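Just below is one structure, and these are the notes that go with it.
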Amino acid sequence: MQFATWNVNSLAVRLPQLLDWLQAQPVDALVLQETKLTDDKFPYAEIEAAGYQVSFFGQKTYNGVALLSREPHEDVVMNIPGFADTQARVITATVNGVRVVGGYFPNGQAPGSEKFAYKMAWLDALRAFVATELAQHPQLVLMGDFNIAPEDRDVYDPVAWAGQIHCTPEERAQFQALQALGLVDAFRLFEQPPKSWSWWDYRNLAFRKNQGLRIDHILVSPALQGRVSACTIDKLPRKNERPSDHAPVLLTLGDPA
DNA sequence: ATGACTCCCAGTGGGAGA
């Protein structure tokens, strides 16, 4: 079984690439971020025709998330219950017995800004939500665009990025607080090539120079960890003519014991 | 060179992203 997460940076623009990618990587479940579409404009028919059930939760211009699965998914929750939010950032459902939480974490813009404060409050609320979900669903995966580079080895130039957005001690502490719930960064369960990134700036030929950050993550619960057999970043879609700035991250799971 | 690109909504520019 394979799960994946991908920030598509506009599903209106990227739908053909998504359908191509699903042909090449027929994952069992996929969460999308930055769909940037109101629900009335969501291309569910095309996605269903590709063999997926889909739930979605979006808005105009910014944010927007979706959850696709080959088998039916159930108990769908939009955003973080009890956390008042005008932004569409979280979608949760149960797929093949696994609780899947897909998130588009706030960017935060700059340390000390109002958006940074929102990011911190959002992360506090998300952590409480995930803790509650984890208590009810021991088999859980939290994946998405975290907008946090957890360690210096997740940054192409950690000196230049020190203290900058995505790399502040506050954000990294939030990532560690999620790990303190028992969640494990699946990517680091395996030996990985050095300089593995999931995002490259559109500017400065950053992809060609492999100057990026690893900010898209898949965290698995203790009950799921033993089933994880691989976690990889698929750089291929970033080589498209009109790519998203993010690459998909994939998780491979064995059958339940 | 605190910009470079791409998206969106706008409307021939500007904000946001990361």
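Letters for chains follow the order of the structure tokens (A, B, ...), residue numbers begin at 1 for each chain, and ligand numbers begin at 1 in the order shown.
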Would you return as a ChimeraX atom specification the members of range 33-192 of chain A that DSSP assigns to strand (DSSP E or B) on this structure's backbone?
/A:33,53-57,65-69,73-78,90-95,98-104,140-145,155,184-185
Store the residues picked out above, limited to C-alpha atoms, as a PDB file, in the first residue's frame.
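Generated file (result-v2.pdb):
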ATOM      1  CA  GLN A  33      -2.274  21.058  -0.711  1.00  0.00           C
ATOM      2  CA  GLN A  53     -12.770   8.799  -4.502  1.00  0.00           C
ATOM      3  CA  VAL A  54     -12.089  12.358  -3.452  1.00  0.00           C
ATOM      4  CA  SER A  55     -13.022  14.733  -0.642  1.00  0.00           C
ATOM      5  CA  PHE A  56     -12.034  18.372  -0.872  1.00  0.00           C
ATOM      6  CA  PHE A  57     -12.159  21.570   1.064  1.00  0.00           C
ATOM      7  CA  VAL A  65      -6.735  20.648   0.507  1.00  0.00           C
ATOM      8  CA  ALA A  66      -8.049  17.357  -0.871  1.00  0.00           C
ATOM      9  CA  LEU A  67      -7.874  13.662  -0.045  1.00  0.00           C
ATOM     10  CA  LEU A  68      -7.989  10.985  -2.751  1.00  0.00           C
ATOM     11  CA  SER A  69      -8.241   7.237  -2.232  1.00  0.00           C
ATOM     12  CA  HIS A  73     -12.579   6.691   2.774  1.00  0.00           C
ATOM     13  CA  GLU A  74     -14.773   7.624   5.708  1.00  0.00           C
ATOM     14  CA  ASP A  75     -15.223   9.843   8.767  1.00  0.00           C
ATOM     15  CA  VAL A  76     -14.013  12.930   6.942  1.00  0.00           C
ATOM     16  CA  VAL A  77     -13.139  15.963   9.061  1.00  0.00           C
ATOM     17  CA  MET A  78     -12.350  19.395   7.618  1.00  0.00           C
ATOM     18  CA  VAL A  90      -6.561  20.275   6.960  1.00  0.00           C
ATOM     19  CA  ILE A  91      -8.476  17.244   5.723  1.00  0.00           C
ATOM     20  CA  THR A  92      -8.718  14.002   7.690  1.00  0.00           C
ATOM     21  CA  ALA A  93     -10.260  10.639   6.816  1.00  0.00           C
ATOM     22  CA  THR A  94      -9.865   6.914   7.411  1.00  0.00           C
ATOM     23  CA  VAL A  95      -8.420   5.007   4.447  1.00  0.00           C
ATOM     24  CA  VAL A  98      -5.446   4.079   8.616  1.00  0.00           C
ATOM     25  CA  ARG A  99      -6.327   7.550   9.888  1.00  0.00           C
ATOM     26  CA  VAL A 100      -4.877  10.009   7.391  1.00  0.00           C
ATOM     27  CA  VAL A 101      -4.390  13.648   8.375  1.00  0.00           C
ATOM     28  CA  GLY A 102      -3.394  15.871   5.462  1.00  0.00           C
ATOM     29  CA  GLY A 103      -2.216  19.375   6.254  1.00  0.00           C
ATOM     30  CA  TYR A 104      -1.130  22.556   4.553  1.00  0.00           C
ATOM     31  CA  LEU A 140      -2.274   7.239  11.932  1.00  0.00           C
ATOM     32  CA  VAL A 141      -0.268   9.165   9.384  1.00  0.00           C
ATOM     33  CA  LEU A 142       0.191  12.948   9.405  1.00  0.00           C
ATOM     34  CA  MET A 143       1.436  14.219   6.085  1.00  0.00           C
ATOM     35  CA  GLY A 144       1.549  17.357   4.037  1.00  0.00           C
ATOM     36  CA  ASP A 145       3.390  20.598   3.467  1.00  0.00           C
ATOM     37  CA  VAL A 155      18.315  22.944   4.203  1.00  0.00           C
ATOM     38  CA  VAL A 184       8.155   9.380  13.497  1.00  0.00           C
ATOM     39  CA  ASP A 185       9.544  11.138  10.402  1.00  0.00           C
TER      40      ASP A 185
END
Set the cut-off to 8 Å and count only C-alpha atoms (C1' of nucleotides): what are the residues of chain A that reach chain B? Output as a PDB file with N, CA and C atoms, in the first residue's frame.
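Printed below is out-v6.pdb as written:
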ATOM      1  N   ASN A   9       0.320  23.465  -5.824  1.00  0.00           N
ATOM      2  CA  ASN A   9       0.338  24.899  -6.161  1.00  0.00           C
ATOM      3  C   ASN A   9      -0.603  25.212  -7.324  1.00  0.00           C
ATOM      4  N   SER A  10      -1.865  25.090  -7.061  1.00  0.00           N
ATOM      5  CA  SER A  10      -2.976  25.306  -8.007  1.00  0.00           C
ATOM      6  C   SER A  10      -3.330  24.027  -8.753  1.00  0.00           C
ATOM      7  N   THR A  61      -8.074  31.459  -4.338  1.00  0.00           N
ATOM      8  CA  THR A  61      -6.744  32.071  -4.352  1.00  0.00           C
ATOM      9  C   THR A  61      -5.686  31.364  -3.517  1.00  0.00           C
ATOM     10  N   ASN A 107       2.534  29.179   6.252  1.00  0.00           N
ATOM     11  CA  ASN A 107       3.894  29.555   5.856  1.00  0.00           C
ATOM     12  C   ASN A 107       4.594  30.316   6.986  1.00  0.00           C
ATOM     13  N   GLN A 109       5.510  33.446   6.962  1.00  0.00           N
ATOM     14  CA  GLN A 109       6.083  34.669   6.362  1.00  0.00           C
ATOM     15  C   GLN A 109       7.411  35.116   6.966  1.00  0.00           C
ATOM     16  N   ASN A 147       5.861  23.250   5.940  1.00  0.00           N
ATOM     17  CA  ASN A 147       6.555  24.536   5.945  1.00  0.00           C
ATOM     18  C   ASN A 147       7.518  24.652   7.125  1.00  0.00           C
ATOM     19  N   ILE A 165      12.494  32.006   8.211  1.00  0.00           N
ATOM     20  CA  ILE A 165      11.226  31.267   8.219  1.00  0.00           C
ATOM     21  C   ILE A 165      11.451  29.838   7.689  1.00  0.00           C
ATOM     22  N   HIS A 166      10.797  28.884   8.331  1.00  0.00           N
ATOM     23  CA  HIS A 166      10.923  27.425   8.119  1.00  0.00           C
ATOM     24  C   HIS A 166      12.047  26.811   8.946  1.00  0.00           C
ATOM     25  N   ASP A 201      12.831  26.730  -4.820  1.00  0.00           N
ATOM     26  CA  ASP A 201      12.319  28.028  -5.251  1.00  0.00           C
ATOM     27  C   ASP A 201      12.223  28.066  -6.781  1.00  0.00           C
ATOM     28  N   TYR A 202      11.184  28.715  -7.271  1.00  0.00           N
ATOM     29  CA  TYR A 202      11.073  28.891  -8.721  1.00  0.00           C
ATOM     30  C   TYR A 202      12.209  29.751  -9.274  1.00  0.00           C
ATOM     31  N   ARG A 203      12.739  30.610  -8.429  1.00  0.00           N
ATOM     32  CA  ARG A 203      13.725  31.588  -8.895  1.00  0.00           C
ATOM     33  C   ARG A 203      15.146  31.015  -8.867  1.00  0.00           C
ATOM     34  N   ASN A 204      16.030  31.694  -9.540  1.00  0.00           N
ATOM     35  CA  ASN A 204      17.472  31.438  -9.408  1.00  0.00           C
ATOM     36  C   ASN A 204      17.915  30.071  -9.899  1.00  0.00           C
TER      37      ASN A 204
END
Measuring between only C-alpha atoms, which one of A:Lys36, A:Lys119, A:Arg188, A:Arg238 shows the shortest distance to Ile218 in chain A?
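Selected residue with least distance to Ile218 in chain A: A:Arg188.
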Which residues are near Ala128 in chain A? Cut-off 12 Å, only C-alpha atoms (C1' of nucleotides), ignore same chain within fewer than 3 positions. Put them as a ChimeraX atom specification.
/A:80-83,121-125,131-135,174,177-178,180-181
Would you list, as a list of chain:residue names, the residues of range 106-149 of chain A that end up in helix (DSSP H, G or I) under DSSP run on this structure's backbone?
A:Glu114, A:Lys115, A:Phe116, A:Ala117, A:Tyr118, A:Lys119, A:Met120, A:Ala121, A:Trp122, A:Leu123, A:Asp124, A:Ala125, A:Leu126, A:Arg127, A:Ala128, A:Phe129, A:Val130, A:Ala131, A:Thr132, A:Glu133, A:Leu134, A:Ala135, A:Gln136
Suppose you want the space between CA of Arg208 in chain A and CA of Pro243 in chain A; what is it in Å?
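CA of Pro243 in chain A lies 12.9 Å from CA of Arg208 in chain A.
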